[in-house]
$ cat target_29.csv   # CSV, C-alpha atoms and all ligand atoms
chain,number,residue,atom,x,y,z
O,1,MET,CA,0.0,0.0,0.0
O,2,LYS,CA,1.1,3.5,-0.8
O,3,ILE,CA,1.0,6.4,1.8
O,4,ALA,CA,1.3,10.0,0.6
O,5,PHE,CA,2.9,12.4,3.0
O,6,PHE,CA,2.2,16.2,2.9
O,7,SER,CA,4.1,19.1,4.6
O,8,THR,CA,7.1,16.8,4.8
O,9,GLN,CA,10.2,18.1,6.4
O,10,PRO,CA,13.7,16.4,6.1
O,11,TYR,CA,13.4,15.0,9.7
O,12,ASP,CA,10.0,13.4,8.8
O,13,ILE,CA,11.7,11.5,6.0
O,14,VAL,CA,14.5,10.3,8.3
O,15,PHE,CA,12.2,9.0,11.1
O,16,PHE,CA,9.6,7.5,8.8
O,17,ASN,CA,12.2,5.8,6.6
O,18,LYS,CA,13.8,4.4,9.7
O,19,HIS,CA,10.6,2.6,10.7
O,20,LYS,CA,9.0,1.8,7.3
O,21,GLU,CA,10.7,-1.6,6.9
O,22,GLU,CA,8.8,-2.9,9.9
O,23,PHE,CA,5.5,-2.1,8.1
O,24,GLY,CA,6.4,-2.7,4.4
O,25,TYR,CA,4.5,0.3,3.0
O,26,GLU,CA,5.6,2.5,0.1
O,27,LEU,CA,6.0,6.1,1.4
O,28,VAL,CA,5.8,9.1,-1.0
O,29,TYR,CA,6.8,12.4,0.4
O,30,PHE,CA,5.6,15.9,-0.7
O,31,GLU,CA,7.0,19.1,0.7
O,32,SER,CA,3.8,21.0,-0.1
O,33,SER,CA,0.9,21.2,2.3
O,34,LEU,CA,-2.3,19.3,1.5
O,35,THR,CA,-4.8,21.5,-0.3
O,36,LYS,CA,-7.6,20.8,-2.8
O,37,GLU,CA,-5.1,21.3,-5.6
O,38,THR,CA,-2.2,19.2,-4.1
O,39,ALA,CA,-4.6,16.4,-3.4
O,40,ASN,CA,-4.1,15.6,-7.1
O,41,LEU,CA,-0.6,14.4,-6.2
O,42,VAL,CA,-2.2,11.5,-4.4
O,43,ASP,CA,-1.9,8.8,-7.0
O,44,GLY,CA,-3.0,5.4,-5.9
O,45,ALA,CA,-2.3,6.1,-2.2
O,46,GLU,CA,-5.0,4.7,0.1
O,47,ALA,CA,-3.8,6.8,3.1
O,48,VAL,CA,-2.5,10.3,3.4
O,49,CYS,CA,-0.3,11.5,6.3
O,50,VAL,CA,-0.5,15.2,7.3
O,51,PHE,CA,0.6,17.5,10.0
O,52,VAL,CA,-0.7,20.3,12.2
O,53,ASN,CA,-1.1,23.1,9.6
O,54,ASP,CA,-2.7,21.1,6.8
O,55,LYS,CA,-6.2,22.4,6.6
O,56,LEU,CA,-8.6,19.5,5.8
O,57,GLY,CA,-12.0,21.0,5.0
O,58,VAL,CA,-14.8,19.8,2.8
O,59,ASP,CA,-13.0,20.6,-0.4
O,60,VAL,CA,-9.9,18.7,0.5
O,61,MET,CA,-12.0,15.7,1.8
O,62,GLU,CA,-14.0,15.6,-1.5
O,63,ALA,CA,-10.8,15.7,-3.5
O,64,LEU,CA,-9.2,12.9,-1.5
O,65,ALA,CA,-12.3,10.7,-1.7
O,66,ALA,CA,-12.3,11.2,-5.5
O,67,LYS,CA,-8.7,9.9,-5.5
O,68,GLY,CA,-9.7,6.8,-3.5
O,69,VAL,CA,-8.2,7.8,-0.2
O,70,LYS,CA,-9.7,5.8,2.7
O,71,MET,CA,-7.7,7.2,5.6
O,72,ILE,CA,-6.1,10.3,7.0
O,73,ALA,CA,-3.3,9.7,9.4
O,74,LEU,CA,-2.3,12.7,11.4
O,75,ARG,CA,1.3,12.6,12.6
O,76,CYS,CA,0.3,14.8,15.6
O,77,ALA,CA,-2.1,14.8,18.6
O,78,GLY,CA,-4.3,17.8,17.8
O,79,PHE,CA,-7.0,17.5,15.1
O,80,ASN,CA,-8.6,21.0,15.1
O,81,ASN,CA,-7.4,21.4,11.5
O,82,VAL,CA,-9.6,18.5,10.3
O,83,ASP,CA,-13.3,18.7,9.5
O,84,LEU,CA,-14.4,15.3,10.9
O,85,ALA,CA,-17.9,15.6,9.7
O,86,ALA,CA,-16.6,16.1,6.1
O,87,ALA,CA,-14.3,13.1,6.5
O,88,LYS,CA,-17.2,10.9,7.7
O,89,SER,CA,-19.5,12.0,4.9
O,90,ASN,CA,-16.7,11.2,2.4
O,91,GLY,CA,-16.1,7.8,3.9
O,92,ILE,CA,-12.6,8.7,5.2
O,93,GLN,CA,-11.4,7.6,8.6
O,94,VAL,CA,-9.1,9.9,10.6
O,95,CYS,CA,-6.6,8.8,13.2
O,96,ARG,CA,-3.9,10.6,15.2
O,97,VAL,CA,-1.1,10.1,17.6
O,98,PRO,CA,-2.8,10.8,20.9
O,99,ALA,CA,0.2,10.6,23.2
O,100,TYR,CA,3.8,10.7,21.9
O,101,SER,CA,6.1,11.7,24.6
O,102,PRO,CA,3.8,14.2,26.4
O,103,GLU,CA,6.9,15.0,28.4
O,104,ALA,CA,8.6,16.5,25.3
O,105,VAL,CA,5.9,19.2,25.1
O,106,ALA,CA,5.7,19.6,28.9
O,107,GLU,CA,9.4,20.0,29.1
O,108,HIS,CA,9.4,22.6,26.4
O,109,ALA,CA,6.8,24.6,28.3
O,110,VAL,CA,9.1,24.5,31.3
O,111,ALA,CA,12.1,25.5,29.1
O,112,MET,CA,10.1,28.6,27.9
O,113,LEU,CA,9.1,29.5,31.5
O,114,LEU,CA,12.7,29.3,32.7
O,115,THR,CA,14.1,31.1,29.7
O,116,LEU,CA,11.7,34.0,30.0
O,117,ASN,CA,12.2,34.2,33.8
O,118,ARG,CA,16.0,33.7,34.0
O,119,LYS,CA,16.7,35.3,30.6
O,120,THR,CA,19.3,32.7,29.7
O,121,HIS,CA,18.8,33.6,26.0
O,122,LYS,CA,19.9,37.1,26.8
O,123,ALA,CA,22.8,36.0,29.1
O,124,TYR,CA,24.1,33.7,26.3
O,125,ASN,CA,24.4,36.5,23.8
O,126,ARG,CA,25.6,39.0,26.4
O,127,VAL,CA,28.5,36.8,27.6
O,128,ARG,CA,29.6,36.1,24.0
O,129,GLU,CA,29.9,39.9,23.6
O,130,GLN,CA,32.1,40.0,26.8
O,131,ASN,CA,29.4,41.8,28.7
O,132,PHE,CA,29.4,40.2,32.1
O,133,SER,CA,26.9,42.7,33.7
O,134,LEU,CA,23.8,41.3,35.4
O,135,ASN,CA,21.6,44.4,34.9
O,136,GLY,CA,18.4,43.5,33.3
O,137,LEU,CA,18.7,39.8,34.0
O,138,LEU,CA,16.7,39.7,37.3
O,139,GLY,CA,14.4,36.7,37.6
O,140,PHE,CA,12.2,35.2,40.2
O,141,ASP,CA,12.2,31.8,42.1
O,142,VAL,CA,9.7,29.4,40.5
O,143,HIS,CA,9.7,27.5,43.8
O,144,ASN,CA,6.6,28.4,45.9
O,145,LYS,CA,4.9,30.2,43.0
O,146,THR,CA,1.3,29.4,42.1
O,147,VAL,CA,0.9,27.6,38.8
O,148,GLY,CA,-2.4,27.3,36.9
O,149,VAL,CA,-2.8,24.5,34.3
O,150,VAL,CA,-5.6,24.6,31.7
O,151,GLY,CA,-6.2,21.1,30.4
O,152,THR,CA,-4.8,18.1,32.3
O,153,GLY,CA,-4.6,15.4,29.6
O,154,ASN,CA,-1.4,13.7,28.8
O,155,ILE,CA,0.7,16.9,28.4
O,156,GLY,CA,-1.0,18.9,31.2
O,157,LYS,CA,-0.5,16.0,33.6
O,158,ALA,CA,3.2,15.8,32.8
O,159,PHE,CA,3.5,19.6,33.2
O,160,CYS,CA,1.8,19.5,36.6
O,161,LYS,CA,4.2,16.8,37.8
O,162,ILE,CA,7.2,18.8,36.8
O,163,MET,CA,5.9,22.0,38.5
O,164,LEU,CA,5.1,20.0,41.7
O,165,GLY,CA,8.8,18.9,41.5
O,166,PHE,CA,9.8,22.6,41.5
O,167,GLY,CA,7.9,23.1,44.7
O,168,CYS,CA,5.0,25.1,43.2
O,169,LYS,CA,1.4,25.2,44.3
O,170,VAL,CA,-0.4,23.7,41.3
O,171,SER,CA,-4.1,24.2,40.5
O,172,ALA,CA,-5.8,23.1,37.3
O,173,PHE,CA,-9.0,23.6,35.2
O,174,ASP,CA,-10.3,20.8,33.0
O,175,ILE,CA,-13.8,19.6,32.1
O,176,ILE,CA,-12.9,16.4,33.9
O,177,ALA,CA,-10.9,16.5,37.2
O,178,ASN,CA,-8.1,14.0,37.4
O,179,LYS,CA,-8.1,11.9,40.5
O,180,ASP,CA,-4.4,10.8,40.2
O,181,LEU,CA,-3.4,14.5,40.0
O,182,GLU,CA,-5.6,15.4,43.0
O,183,ALA,CA,-3.9,12.6,44.9
O,184,ILE,CA,-0.5,14.2,44.4
O,185,GLY,CA,-1.5,17.7,45.3
O,186,VAL,CA,-3.1,19.3,42.3
O,187,ALA,CA,-6.2,21.3,43.2
O,188,PHE,CA,-8.9,21.4,40.5
O,189,LYS,CA,-10.6,24.9,40.6
O,190,PRO,CA,-12.8,27.1,38.4
O,191,LEU,CA,-11.1,28.7,35.4
O,192,SER,CA,-11.1,32.2,37.0
O,193,GLU,CA,-9.1,30.9,40.0
O,194,VAL,CA,-6.7,29.0,37.9
O,195,LEU,CA,-6.0,32.1,35.8
O,196,ALA,CA,-5.2,34.1,38.9
O,197,CYS,CA,-2.0,32.1,39.4
O,198,ASP,CA,1.5,33.5,39.0
O,199,ILE,CA,2.2,31.2,36.1
O,200,ILE,CA,-0.4,29.9,33.6
O,201,SER,CA,0.2,27.1,31.1
O,202,LEU,CA,-2.3,26.1,28.4
O,203,HIS,CA,-2.7,22.4,27.6
O,204,CYS,CA,-6.3,22.0,26.4
O,205,PRO,CA,-7.2,21.3,22.7
O,206,LEU,CA,-8.5,23.9,20.4
O,207,ASN,CA,-12.2,23.6,19.9
O,208,ASP,CA,-15.4,25.7,19.9
O,209,GLN,CA,-15.3,25.9,23.7
O,210,THR,CA,-11.6,26.8,24.0
O,211,LYS,CA,-11.1,29.2,21.0
O,212,HIS,CA,-9.8,32.5,22.5
O,213,ILE,CA,-10.1,31.1,26.0
O,214,ILE,CA,-7.5,33.8,26.7
O,215,ASN,CA,-9.3,37.1,25.8
O,216,ASP,CA,-9.9,40.5,27.3
O,217,GLN,CA,-12.3,39.1,29.9
O,218,THR,CA,-10.2,36.2,31.0
O,219,ILE,CA,-7.0,38.3,31.0
O,220,ALA,CA,-8.7,40.6,33.5
O,221,MET,CA,-8.9,37.5,35.8
O,222,MET,CA,-5.1,37.2,35.8
O,223,LYS,CA,-2.8,38.7,38.4
O,224,LYS,CA,-0.9,41.7,37.2
O,225,GLY,CA,2.5,40.5,36.1
O,226,ALA,CA,1.5,36.9,35.3
O,227,THR,CA,3.5,34.6,33.1
O,228,LEU,CA,1.5,32.9,30.3
O,229,ILE,CA,2.8,29.9,28.4
O,230,ASN,CA,1.0,28.4,25.4
O,231,THR,CA,2.4,25.2,23.8
O,232,SER,CA,-1.1,23.9,22.8
O,233,ARG,CA,-2.7,25.7,19.8
O,234,GLY,CA,-2.4,29.4,18.8
O,235,GLY,CA,-6.2,29.8,18.6
O,236,LEU,CA,-6.5,29.5,22.3
O,237,ILE,CA,-5.2,33.0,22.6
O,238,ASP,CA,-6.8,36.2,21.2
O,239,THR,CA,-3.5,37.7,20.1
O,240,LYS,CA,-4.8,41.4,20.0
O,241,ALA,CA,-6.0,41.1,23.6
O,242,VAL,CA,-2.6,39.6,24.7
O,243,ILE,CA,-0.7,42.4,23.0
O,244,LYS,CA,-2.8,44.9,24.9
O,245,ALA,CA,-2.1,43.1,28.2
O,246,LEU,CA,1.7,43.0,27.5
O,247,LYS,CA,1.6,46.7,26.8
O,248,ALA,CA,-0.2,47.3,30.1
O,249,GLY,CA,2.1,45.0,32.1
O,250,GLN,CA,-0.8,42.7,33.0
O,251,ILE,CA,1.1,39.9,31.4
O,252,ALA,CA,4.7,40.2,32.3
O,253,TYR,CA,6.0,37.3,30.3
O,254,LEU,CA,4.6,35.4,27.3
O,255,GLY,CA,6.0,32.2,25.9
O,256,ILE,CA,4.3,30.8,22.8
O,257,ASP,CA,5.2,27.8,20.8
O,258,VAL,CA,2.0,28.1,18.7
O,259,TYR,CA,0.4,31.1,17.0
O,260,GLU,CA,-3.1,31.5,15.5
O,261,GLN,CA,-1.8,32.4,12.0
O,262,GLU,CA,1.2,30.1,12.2
O,263,GLU,CA,0.4,28.1,9.0
O,264,LYS,CA,1.7,31.0,6.9
O,265,LEU,CA,5.0,31.3,8.9
O,266,PHE,CA,6.1,28.2,10.9
O,267,PHE,CA,8.2,25.4,9.5
O,268,ARG,CA,9.7,27.7,6.9
O,269,ASP,CA,12.8,29.8,6.5
O,270,LEU,CA,11.4,33.3,5.8
O,271,SER,CA,14.6,35.1,6.7
O,272,SER,CA,14.8,36.9,3.4
O,273,ASP,CA,11.0,37.7,3.2
O,274,ILE,CA,9.0,40.7,4.3
O,275,ILE,CA,6.6,39.4,6.9
O,276,GLN,CA,3.1,40.7,6.3
O,277,ASP,CA,1.7,39.6,9.6
O,278,ASP,CA,1.8,42.7,11.8
O,279,LEU,CA,0.6,40.9,15.0
O,280,ILE,CA,3.5,38.5,15.1
O,281,GLN,CA,5.9,41.4,14.3
O,282,ARG,CA,4.5,43.2,17.3
O,283,LEU,CA,4.8,40.1,19.5
O,284,MET,CA,8.4,39.7,18.3
O,285,SER,CA,9.2,43.3,19.3
O,286,PHE,CA,8.6,42.7,23.0
O,287,PRO,CA,11.6,41.9,25.1
O,288,ASN,CA,9.5,39.7,27.4
O,289,VAL,CA,8.0,37.5,24.7
O,290,LEU,CA,9.6,34.3,23.7
O,291,ILE,CA,8.3,32.6,20.5
O,292,THR,CA,9.4,29.2,19.2
O,293,ALA,CA,8.0,27.8,16.0
O,294,HIS,CA,5.9,24.8,17.1
O,295,GLN,CA,8.9,22.8,18.2
O,296,ALA,CA,7.7,21.6,21.6
O,297,PHE,CA,7.2,18.0,20.1
O,298,PHE,CA,10.6,18.1,18.5
O,299,THR,CA,12.6,15.4,20.3
O,300,GLU,CA,14.2,12.2,19.0
O,301,ASP,CA,12.0,10.2,21.4
O,302,ALA,CA,8.8,11.9,20.2
O,303,LEU,CA,9.7,11.6,16.5
O,304,ASN,CA,10.4,7.8,16.9
O,305,GLN,CA,7.0,7.4,18.6
O,306,ILE,CA,5.2,9.5,16.1
O,307,SER,CA,6.4,7.6,13.1
O,308,GLN,CA,5.8,4.2,14.7
O,309,THR,CA,2.3,5.0,16.0
O,310,THR,CA,1.3,6.6,12.7
O,311,LEU,CA,2.4,3.6,10.7
O,312,LYS,CA,0.7,1.2,13.2
O,313,ASN,CA,-2.5,3.2,13.0
O,314,ILE,CA,-2.5,2.8,9.2
O,315,LYS,CA,-1.6,-0.9,9.4
O,316,ASP,CA,-4.3,-1.6,12.0
O,317,PHE,CA,-6.9,0.0,9.8
O,318,HIS,CA,-5.6,-1.5,6.6
O,319,GLU,CA,-5.3,-5.0,7.9
O,320,ASN,CA,-8.1,-5.3,10.5
O,321,GLY,CA,-10.3,-2.2,10.1
O,322,LYS,CA,-9.2,-1.3,13.6
O,323,LEU,CA,-9.1,2.4,14.7
O,324,GLU,CA,-7.6,2.5,18.2
O,325,ASN,CA,-6.5,6.2,17.8
O,326,GLN,CA,-9.4,7.6,15.9
O,327,ALA,CA,-9.7,11.4,16.0
O,328,ALA,CA,-13.0,12.1,17.7
O,329,PHE,CA,-14.4,14.7,20.1
O,330,LEU,CA,-15.5,13.6,23.5
O,331,ALA,CA,-19.3,12.9,23.6
R,1,LIG,P1,-5.2,15.3,25.7
R,1,LIG,O1,-6.4,14.9,24.9
R,1,LIG,O2,-4.5,14.1,26.4
R,1,LIG,O3,-5.7,16.3,26.9
R,1,LIG,C1,-6.5,17.4,26.6
R,1,LIG,C2,-7.1,17.8,27.9
R,1,LIG,O4,-7.9,19.0,27.7
R,1,LIG,C3,-8.2,16.7,28.4
R,1,LIG,O5,-7.9,16.4,29.8
R,1,LIG,C4,-9.5,17.4,28.2
R,1,LIG,O6,-10.5,17.0,29.1
R,1,LIG,C5,-9.1,18.9,28.4
R,1,LIG,N1,-10.1,19.8,27.8
R,1,LIG,C6,-10.9,19.6,26.7
R,1,LIG,N2,-11.7,20.7,26.6
R,1,LIG,C7,-11.4,21.5,27.6
R,1,LIG,C8,-11.9,22.8,28.0
R,1,LIG,N3,-12.9,23.4,27.3
R,1,LIG,N4,-11.4,23.4,29.1
R,1,LIG,C9,-10.4,22.8,29.8
R,1,LIG,N5,-9.9,21.6,29.5
R,1,LIG,C10,-10.4,21.0,28.4
R,1,LIG,O7,-4.2,16.1,24.8
R,1,LIG,P2,-2.6,16.3,25.1
R,1,LIG,O8,-1.9,15.2,24.4
R,1,LIG,O9,-2.4,16.6,26.5
R,1,LIG,O10,-2.4,17.6,24.2
R,1,LIG,C11,-3.0,18.9,24.5
R,1,LIG,C12,-2.8,19.8,23.3
R,1,LIG,O11,-1.4,20.0,23.1
R,1,LIG,C13,-3.3,19.1,22.0
R,1,LIG,O12,-4.6,19.3,21.7
R,1,LIG,C14,-2.4,19.9,21.0
R,1,LIG,O13,-3.2,20.9,20.5
R,1,LIG,C15,-1.2,20.4,21.7
R,1,LIG,N6,0.1,19.8,21.3
R,1,LIG,C16,1.1,20.7,21.0
R,1,LIG,C17,2.3,20.2,20.5
R,1,LIG,C18,3.4,21.1,20.2
R,1,LIG,O14,4.4,20.6,19.6
R,1,LIG,N7,3.4,22.4,20.5
R,1,LIG,C19,2.5,18.7,20.4
R,1,LIG,C20,1.4,17.9,20.9
R,1,LIG,C21,0.2,18.5,21.3
$ encode --input "target_29.csv" --output "structure tokens" --more "lines below"
Ligand code: NAI
Amino acid sequence: MKIAFFSTQPYDIVFFNKHKEEFGYELVYFESSLTKETANLVDGAEAVCVFVNDKLGVDVMEALAAKGVKMIALRCAGFNNVDLAAAKSNGIQVCRVPAYSPEAVAEHAVAMLLTLNRKTHKAYNRVREQNFSLNGLLGFDVHNKTVGVVGTGNIGKAFCKIMLGFGCKVSAFDIIANKDLEAIGVAFKPLSEVLACDIISLHCPLNDQTKHIINDQTIAMMKKGATLINTSRGGLIDTKAVIKALKAGQIAYLGIDVYEQEEKLFFRDLSSDIIQDDLIQRLMSFPNVLITAHQAFFTEDALNQISQTTLKNIKDFHENGKLENQAAFLA
């Protein structure tokens, strides 16, 4: 069986090729994202493999169905970019990789927090310029701070545990409280109380309920001088509201690995281009904002798991019609 890959990066080829022998499929890689037009590249492939910024709406589903595609295998956890109803009506199954090294993402969220706080990125450059002054590098102890976690699934859980290890007081908001986390000291509270913590980290999926969960009203629930980290999905944050809050000092530090309009920017080298997106340019101009380009998942361990689980998802469906990791919203 042939599998067509879209939005392929060199590292995808390395990791999928490493595992493909175990599964015996033919893998065809395309650099372009999957659109109605590029769906024409699918030639005899029964499955397509896509990533976070491929937008799979009705038009793409119809184009894929016309080409005989039976399965979409997301090589990521989130599936907010896929119209599941359109997939269903076109007879296409959708699966994802629900938990590949959640620690990779949680650890990146912590890296962002520590970088923003202790300004190691600035210290690195400063020392290389033989500037050994400490002025402007003042941070705070993470120990004893209150940490609010929105979404305590695989990644949020891992993040809570790391923060408990730092000696923080961790509270969380989720539609379902997690008993195991409660047992180790995480307090489940209403969103308004969780947002009033010193440090807030977002780990819920992007859906109709969570779109712009960080907005003018919820920012007003935050402590002045809060730190906000988002490694989940850009659409969780109303960027204009956050820019206002950064200008007012309501948010003292912002770390984002995801951005609402990231599909036009991330995973590309645009160093010679004129960026047309004024909001990201404004964000990049703040000294207290750290942006990484959707790299939280990017560890060797995670890429090994992603490629193995993705190929196993396809094999299970292809050979037994089994869909263990079907992308579906909670009922
Ligand atoms: P998960 O499905 O294990 O957990 C999500 C949690 O969010 C669940 O506990 C769920 O009950 C909760 N939730 C759902 N709706 C909610 C709401 N309205 N309010 C509060 N909580 C809500 O997902 P996982 O693996 O922890 O991933 C979380 C998100 O992280 C993914 O949806 C994805 O968008 C993002 N992600 C980002 C990566 C990156 O590289 N930056 C890599 C992997 C995932």
$ residues_near_ligand --input "target_29.csv" --ligand "ligand LIG 1 (chain R)" --cutoff "6 Å" --atoms "only C-alpha atoms and all ligand atoms" --output "PyMOL selection string"
chain O and resi 77-78+98-99+105+150-156+173-176+203-205+209-210+231-233+257+294-297
$ write_last_selection --input "target_29.csv" --atoms "C-alpha atoms" --output "tab-separated table (two decimals), in the frame of the given file"
chain	number	residue	atom	x	y	z
O	77	ALA	CA	-2.10	14.80	18.60
O	78	GLY	CA	-4.30	17.80	17.80
O	98	PRO	CA	-2.80	10.80	20.90
O	99	ALA	CA	0.20	10.60	23.20
O	105	VAL	CA	5.90	19.20	25.10
O	150	VAL	CA	-5.60	24.60	31.70
O	151	GLY	CA	-6.20	21.10	30.40
O	152	THR	CA	-4.80	18.10	32.30
O	153	GLY	CA	-4.60	15.40	29.60
O	154	ASN	CA	-1.40	13.70	28.80
O	155	ILE	CA	0.70	16.90	28.40
O	156	GLY	CA	-1.00	18.90	31.20
O	173	PHE	CA	-9.00	23.60	35.20
O	174	ASP	CA	-10.30	20.80	33.00
O	175	ILE	CA	-13.80	19.60	32.10
O	176	ILE	CA	-12.90	16.40	33.90
O	203	HIS	CA	-2.70	22.40	27.60
O	204	CYS	CA	-6.30	22.00	26.40
O	205	PRO	CA	-7.20	21.30	22.70
O	209	GLN	CA	-15.30	25.90	23.70
O	210	THR	CA	-11.60	26.80	24.00
O	231	THR	CA	2.40	25.20	23.80
O	232	SER	CA	-1.10	23.90	22.80
O	233	ARG	CA	-2.70	25.70	19.80
O	257	ASP	CA	5.20	27.80	20.80
O	294	HIS	CA	5.90	24.80	17.10
O	295	GLN	CA	8.90	22.80	18.20
O	296	ALA	CA	7.70	21.60	21.60
O	297	PHE	CA	7.20	18.00	20.10
$ closest_residue --input "target_29.csv" --among "O:Leu41, O:Val28, O:Ala106, O:Leu34" --to "O:Leu74" --atoms "only C-alpha atoms"
O:Leu34
$ closest_residue --input "target_29.csv" --among "O:Leu191, O:Leu138, O:Ile184, O:Val289" --to "O:Ala172" --atoms "all atoms listed in the file"
O:Leu191
$ atom_distance --input "target_29.csv" --atom1 "atom CA of O:Ala293" --atom2 "atom CA of O:Leu64"
28.7 Å
$ closest_residue --input "target_29.csv" --among "O:Thr120, O:Arg268, O:Asp216, O:Leu279" --to "O:Leu134" --atoms "only C-alpha atoms"
O:Thr120
$ closest_residue --input "target_29.csv" --among "O:Asp12, O:Glu21, O:Asp59, O:Asp141" --to "O:Ile199" --atoms "only C-alpha atoms"
O:Asp141
$ residues_around --input "target_29.csv" --residues "stretch 246-254 of chain O" --least-positions-apart "5" --cutoff "6 Å" --atoms "only C-alpha atoms" --output "list in words"
Lys224, Gly225, Ala226, Thr227, Leu228, Ile229, Asn288 and Val289 of chain O
$ closest_residue --input "target_29.csv" --among "O:Ser307, O:Glu62, O:His318, O:Ala245" --to "O:Ile13" --atoms "all atoms listed in the file"
O:Ser307
$ residues_near_point --input "target_29.csv" --point "(8.6, 8.0, 14.7)" --cutoff "10 Å" --atoms "only C-alpha atoms" --output "PyMOL selection string"
chain O and resi 11-20+75+100+300-311
$ residues_around --input "target_29.csv" --residues "O:Leu195" --least-positions-apart "6" --cutoff "8 Å" --atoms "only C-alpha atoms" --output "list in words"
Gly148, Thr218, Ile219, Met221, Met222 and Lys223 of chain O
$ residues_around --input "target_29.csv" --residues "O:Ala123" --least-positions-apart "2" --cutoff "12 Å" --atoms "all atoms listed in the file" --output "PyMOL selection string"
chain O and resi 115-121+125-139
$ atom_distance --input "target_29.csv" --atom1 "atom CA of O:Pro287" --atom2 "atom CA of O:Ala111"
16.9 Å
$ closest_residue --input "target_29.csv" --among "O:Phe166, O:Phe23, O:Phe5, O:Phe286" --to "O:Asp316" --atoms "all atoms listed in the file"
O:Phe23
$ residues_near_point --input "target_29.csv" --point "(10.0, 25.2, 44.6)" --cutoff "10 Å" --atoms "all atoms listed in the file" --output "ChimeraX atom specification"
/O:141-146,163-169
$ axis_aligned_box --input "target_29.csv" --around "stretch 21-26 of chain O" --padding-each-side "8 Å" --output "JSON"
{"center_x": 7.6, "center_y": -0.2, "center_z": 5.0, "size_x": 22.2, "size_y": 21.4, "size_z": 25.8}
$ residues_around --input "target_29.csv" --residues "O:Asn215" --least-positions-apart "5" --cutoff "8 Å" --atoms "all atoms listed in the file" --output "list in words"
Ile237, Asp238, Ala241 and Val242 of chain O
$ residues_around --input "target_29.csv" --residues "O:Thr38" --least-positions-apart "2" --cutoff "12 Å" --atoms "all atoms listed in the file" --output "number ranges by chain"
O: 4-7, 30-36, 40-43, 48, 54-56, 59-61, 63-64, 67
$ build_atoms --input "target_29.csv" --residues "stretch 136-149 of chain O" --atoms "N, CA and C atoms" --output "compact mmCIF listing (two decimals), in the frame of the given file"
# COMPACT_ATOMS: atom_id res chain seq x y z
N GLY O 136 19.39 43.88 34.25
CA GLY O 136 18.40 43.50 33.30
C GLY O 136 18.09 42.01 33.24
N LEU O 137 18.85 41.22 34.02
CA LEU O 137 18.70 39.80 34.00
C LEU O 137 17.92 39.23 35.20
N LEU O 138 17.38 40.11 36.02
CA LEU O 138 16.70 39.70 37.30
C LEU O 138 15.55 38.78 37.00
N GLY O 139 15.50 37.66 37.70
CA GLY O 139 14.40 36.70 37.60
C GLY O 139 13.64 36.54 38.87
N PHE O 140 12.84 35.48 38.94
CA PHE O 140 12.20 35.20 40.20
C PHE O 140 12.31 33.66 40.48
N ASP O 141 12.15 33.26 41.74
CA ASP O 141 12.20 31.80 42.10
C ASP O 141 10.85 31.21 41.56
N VAL O 142 10.93 30.12 40.86
CA VAL O 142 9.70 29.40 40.50
C VAL O 142 9.15 28.66 41.69
N HIS O 143 10.05 28.20 42.53
CA HIS O 143 9.70 27.50 43.80
C HIS O 143 8.67 28.36 44.56
N ASN O 144 7.64 27.72 45.04
CA ASN O 144 6.60 28.40 45.90
C ASN O 144 5.62 29.25 45.07
N LYS O 145 5.81 29.40 43.77
CA LYS O 145 4.90 30.20 43.00
C LYS O 145 3.59 29.37 42.75
N THR O 146 2.49 30.07 42.45
CA THR O 146 1.30 29.40 42.10
C THR O 146 1.27 29.14 40.58
N VAL O 147 0.93 27.93 40.18
CA VAL O 147 0.90 27.60 38.80
C VAL O 147 -0.48 27.08 38.38
N GLY O 148 -1.04 27.65 37.34
CA GLY O 148 -2.40 27.30 36.90
C GLY O 148 -2.26 26.54 35.53
N VAL O 149 -2.87 25.37 35.46
CA VAL O 149 -2.80 24.50 34.30
C VAL O 149 -4.18 24.38 33.66
